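Read the structure below first, then the notes.
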Amino acid sequence: MFNDIDSGLMYRLRQLDSILEYLSDETLTEDTKNSDFYRAQKGLVFVAMYAALEFAITQSVTRTLEVIGQEQAPANRFKSAILCSLFDSHFKALRECGASKVWENRHKLVLAVTGDTEVTNVDSSVFPTAGSMNISYKQLENVWIFFDLDSSPLPEGVQHFVLTEVKEHRNAIAHGRETAMTIGRRFHVTQLDNKARSIKHLCLHITSSFATYCADKRYLVAETVT
């Protein structure tokens, strides 16, 4: 059920590897290594790392909500934290309605949560985190909380500051605050390779965690899992 996501992730990681292989090529001359192009490629490593990370987490969340949407179960069979995502449309209705509709929408939400009607029309585009979609440790932590995953958001050996660094440098390049060349000149290839290893490890941790979560139906309360 996650095979296509795994394939898409591996494609992005191979793209990252291709850039790093070029940067590590021992046949490159010193003139090349001191060129603007070479430095720009080092900066673009951050863009490639972030692309793989965002793909891994957003696609895993979307696929998980698609799987949950096919469960055909009432709200009381799902873990409570997951209802925050499953009933996103109800929460939006409460937030966006006028005063005359508040109590009507409250009633609809209570009935949806407490009734025995199957949960349907799950919006798989919901991403359970506040603020922007910039993926940082806080966003990752929120996803883990609101899906009630029992593992750690970060695999062993990966530090949260790596996510912050990747996000900030990618944003600086994407939004034009700094050039890829300016950022790239600050880092040695060995440093970039170490950061890339951490991001690869994290991406695979994300997809495998959600694949296991869906396969074992860990979104259901324990006594309902069959």
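Chain lettering (A, B, ...) mirrors the order of the structure tokens, residue numbering begins at 1 for each chain separately, and ligand numbering begins at 1 in order of display.
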
Do you have, as CSV, the list of residues of segment 159-196 of chain A lying at most 6 Å from segment 125-143 of chain A, each with its nearest atom pair and that distance in Å to one decimal, counting only C-alpha atoms and ordered by chain then number?
residue,atom,partner,partner_atom,distance
A:His160,CA,A:Tyr137,CA,5.8
A:Leu163,CA,A:Ser136,CA,5.5
A:Thr164,CA,A:Ser136,CA,5.7

Please identify all polymer residues within 10 Å of Asp148 of chain A, counting only C-alpha atoms, omitting same-chain residues fewer than 4 positions from it, and present them as an mmCIF file with C-alpha atoms, in the first residue's frame.
data_model
loop_
_atom_site.group_PDB
_atom_site.id
_atom_site.type_symbol
_atom_site.label_atom_id
_atom_site.label_comp_id
_atom_site.auth_asym_id
_atom_site.auth_seq_id
_atom_site.Cartn_x
_atom_site.Cartn_y
_atom_site.Cartn_z
ATOM 1 C CA LYS A 79 -8.062 6.595 18.539
ATOM 2 C CA SER A 80 -9.178 9.959 19.860
ATOM 3 C CA ALA A 81 -6.197 11.929 18.564
ATOM 4 C CA ILE A 82 -6.965 10.853 14.988
ATOM 5 C CA ASN A 142 2.575 17.267 15.578
ATOM 6 C CA VAL A 143 2.011 14.602 12.939
ATOM 7 C CA TRP A 144 3.216 11.933 15.356
ATOM 8 C CA TYR A 213 0.910 1.872 11.237
ATOM 9 C CA ARG A 218 -2.848 1.183 14.683
ATOM 10 C CA TYR A 219 -5.316 4.020 14.089
#

| field | Best match for closeness to Ala174 of chain A among A:Pro74, A:Thr29, A:Lys200, A:Ala48, counting only C-alpha atoms | value | A:Ala48

| query | So how many Å separate atom CA of Tyr50 of chain A and atom CA of Val162 of chain A, to one decimal? | reply | 10.8 Å

| field | Those in segment 10-137 of chain A with helix (DSSP H, G or I) from DSSP, as a count of residues only | value | 88
